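What follows is a single structure, written as C-alpha cells, with notes after it.
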2 protein chains.
Amino acid sequence: MARKQGSYADTTGPRVRDAALRLIAQHGFAAVSMRQIAGEVGVQAGALYNYIPDKQSLLFELLDSHMSEVMEAAAQARLSGTPLQRLEGFTRFHIRFHLPRRDAVFLSYMELRNLAPENFGRIAAKRRAYEDRLEMILRDGVADGSFVVDDTRITTLALIAQLTGITNWYDPAGRLTLREIETIYCALVRKSVAA
Amino acid sequence: MARKQGSYADTTGPRVRDAALRLIAQHGFAAVSMRQIAGEVGVQAGALYNYIPDKQSLLFELLDSHMSEVMEAAAQARLSGTPLQRLEGFTRFHIRFHLPRRDAVFLSYMELRNLAPENFGRIAAKRRAYEDRLEMILRDGVADGSFVVDDTRITTLALIAQLTGITNWYDPAGRLTLREIETIYCALVRKSVAA
DNA sequence: GTCTATACTTCGATAGAC
DNA sequence: GTCTATCGAAGTATAGAC
C-alpha cells in the first residue's frame with residue numbers, strides 16, 4: 001500500500017502532544033489555549049482536531065501515557081536480590097526515570113484536578129500500582145529483618161514524595177551531577193528504613 | 001469616629017480571599033473566573049474590585065500572606081535544645097502547620113508559575129528562608145556529631161518534600177490520626193540523619 | 001491534512017445608578 | 001459597597017474550501 005505523500009500525520013500528532021505537555025507544565029492546563037499549542041507546532045488551531053477529540057482528552061492522554069510509561073519501565077527494571085538491593089535499584093530507577101520527565105511529573109500531580117472523575121480514577125489506579133511496587137520491597141525487608149519500618153504504606157508515600165521532590169529543584173547545570181544526587185538519595189533512603 | 005453601619009467591608013475582603021484560595025486550589029488559577037469567586041462570596045463580579053486591583057494581585061496576595069504566616073509561626077516556635085530535639089520540633093511544627101492549610105500549600109507549589117517574575121522572586125525568597133531554618137538545624141547536628149548527613153542542602157530539601165507530601169494524601173477521616181502520623185514521620189526523619 | 005472563517009460562549013475589567 | 005449593564009478580547013470547537 002502506498003502511503004500518502006506530503007502527509008505529516010505521523011509526526012504532527014506527537015508534536016502536538018510534546019508542545020501541549022511543555023506548555024501546560026509551564027502555564028497550567030486552563031491557561032494554555034489551543035491556539036498556543038497550534039502555534040508551537042506550526043499549524044492553525046483547527047488542525048489540532050485531526051489528532052484529538054477535544055482539550056480534555058488531550059490532557060488525559062498526556063497523563064495516561066506517562067503513567068503507562070512509568071509502569072512499563074518499572075516492570076522492565078526487574079529488580080532482584082536482597083530487599084536492600086531492590087530498594088537501591090528502585091531508588092535509582094525512580095530518579096533516572098523521572099528527572100528527564102519533569103514536565104510530565106508536574107502535570108501528573110498538578111493537573112489531576114482537571115480530569116473528569118472517571119479519568120481521574122484511571123490515573124490514580126496506575127499511580128497506586130506503581131507505589132505498591134515499592135511497598136512490596138519494604139514489606140519483604142521487614143519480613144526478613146533487614147528493614148525496620150513503622151508503617152510500610154506511609155513510608156512508601158514518604159519515600160516517593162522525597163524522591164519525586166527532586167524534580168522541583170534539579171538543575172542539570174547545577175552543583176551536583178545526576179550520579180551524585182542518586183548516591184545521596186540512596187544513602188538517605190537506606191538509612192530511613194535501616195534495621 | 002463612627003463606623004459606617006451596614007458595611008461588610010471587614011468581612012467581605014477575607015471572604016473573597018477564602019473563596020479564591022479554595023476555588024483556585026480545586027480548579028487552578030486560570031480555570032477560576034472572577035464570577036465564580038464572586039458567586040461563592042454572594043456578590044456580583046464587579047464588587048470584587050473594591051477589594052483587589054486585579055486577578056493577578058489576588059493570587060500574589062494569597063501566596064505572599066501564606067508564606068508570611070509560615071515564617072511568623074516558625075519564628076514563634078522558638079525551637080531549642082539539642083539538634084535532635086530541634087529537628088523533632090521542626091518536624092512536628094511543619095506537619096501541624098501545613099496539614100490544616102492544604103489549599104495554600106498546593107497553591108504555593110502549583111501556581112508559582114502564574115506569578116509575574118518579580119512576584120515569583122519574592123515568594124521564592126521567603127520559601128528559601130524557611131528551608132534555611134531546617135538546614136541550620138542539620139548543620140548544627142553535623143557539627144556536634146549528633147547527625148551524619150552527606151549534603152545538608154539536599155537533605156533539607158528531601159526532608160521538606162517528604163513532610164509536605166503528606167498534604168497529598170492526608171485524610172482527616174483516614175486510618176491514622178494526626179498524632180500517629182507525626183510520630184511515624186519523626187522516627188523516619190530521625191533515622192534519616194542519625195549518626 | 002491544513003487552511004480560513006466564524007459561531008457561540010465566557011472572560012477580566014469598567015462605568016454609572018443607587 | 002454593591003448592583004446592572006456592557007465593552008473588547010479571547011476561549012473552544014466546527015464548517016467548508018482546497
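Naming scheme: A, B, ... for chains in displayed order of the C-alpha cells; residues 1 onward per chain; ligands 1 onward as shown.
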As a ChimeraX atom specification, could you give me every residue of chain A near chain B (at most 9 Å apart, counting only C-alpha atoms)?
/A:26-32,106,110-111,113-114,149-151,154-155,157-166,169,181,184-185,187-194
Show me a table, sorted first by chain and then by increasing residue number, of the residues of chain B having an atom at most 12 Å from chain C, each with its shortest atom pair and the distance in Å to one decimal, counting only C-alpha atoms (C1' of nucleotides) and written as a Markdown table.
| residue | atom | partner | partner_atom | distance |
| --- | --- | --- | --- | --- |
| B:Ala30 | CA | C:DC11 | C1' | 10.2 |
| B:Ala31 | CA | C:DC11 | C1' | 10.3 |
| B:Val32 | CA | C:DC11 | C1' | 10.1 |
| B:Ser33 | CA | C:DC11 | C1' | 7.3 |
| B:Met34 | CA | C:DG12 | C1' | 7.6 |
| B:Arg35 | CA | C:DC11 | C1' | 9.2 |
| B:Gln36 | CA | C:DC11 | C1' | 11.3 |
| B:Ala45 | CA | C:DA13 | C1' | 9.5 |
| B:Gly46 | CA | C:DA13 | C1' | 8.0 |
| B:Ala47 | CA | C:DA13 | C1' | 11.1 |
| B:Leu48 | CA | C:DA13 | C1' | 10.5 |
| B:Tyr49 | CA | C:DA13 | C1' | 8.6 |
| B:Ile52 | CA | C:DA13 | C1' | 11.6 |
| B:Pro53 | CA | C:DA13 | C1' | 9.8 |
| B:Asp54 | CA | C:DA13 | C1' | 8.2 |
| B:Lys55 | CA | C:DG12 | C1' | 8.1 |
| B:Gln56 | CA | C:DG12 | C1' | 10.7 |
Write down, as a PyMOL selection string, each residue of chain D that has any atom within 12 Å of an atom of chain A, counting only C-alpha atoms (C1' of nucleotides).
chain D and resi 10-15
Please save C-alpha atoms (C1' of nucleotides) of the selected residues as a tab-separated table (two decimals), in the first residue's frame.
chain	number	residue	atom	x	y	z
D	10	DA	C1'	-10.07	35.70	23.99
D	11	DG	C1'	-11.66	30.99	24.55
D	12	DT	C1'	-13.24	26.07	22.27
D	13	DA	C1'	-14.86	23.95	18.62
D	14	DT	C1'	-16.91	23.45	13.91
D	15	DA	C1'	-17.83	24.11	8.70
From the DSSP assignment of the backbone, select every residue of chain B that is alpha helix (DSSP H), and format the answer as a VMD selection string.
chain B and resid 9 to 27 34 to 41 55 to 77 83 to 98 102 to 110 117 to 143 152 to 164 178 to 193
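The spacing separating atom CA of A:Tyr170 from atom CA of A:Leu62 amounts to 22.3 Å.
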Just the residues within 7 Å of stretch 85-92 of chain A, please, counting only C-alpha atoms (C1' of nucleotides), with nothing from its chain fewer than 6 positions along; format it as a PyMOL selection string.
chain A and resi 79+137+182+186
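Every protein or nucleic acid residue with an atom no more than 12 Å from B:Pro100, counting only C-alpha atoms (C1' of nucleotides) and leaving out same-chain residues fewer than 2 positions away, appears here: B:Phe93, B:His94, B:Ile95, B:Arg96, B:Phe97, B:His98, B:Arg102, B:Asp103, B:Ala104, B:Val105, B:Phe106, B:Thr164, B:Ile166, B:Thr167, B:Tyr170, B:Asp171, B:Pro172, B:Leu178.
Interatomic distance, atom CA of B:Asp140 against atom CA of B:Arg179: 27.0 Å.
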Which residue of B:Ile37, B:Leu58, B:Val142, B:Leu63 approaches B:Arg101 most closely, using only C-alpha atoms:
B:Leu63
Using only C-alpha atoms, which of the listed residues (A:Val148, A:Met71, A:Leu99, A:Leu59) sits closest to A:Ile24?
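Using only C-alpha atoms, A:Ile24 sits closest to A:Leu59.
Taking atom CA of A:Ala19 and atom CA of A:Gly39 as endpoints, the distance between them is 9.3 Å.
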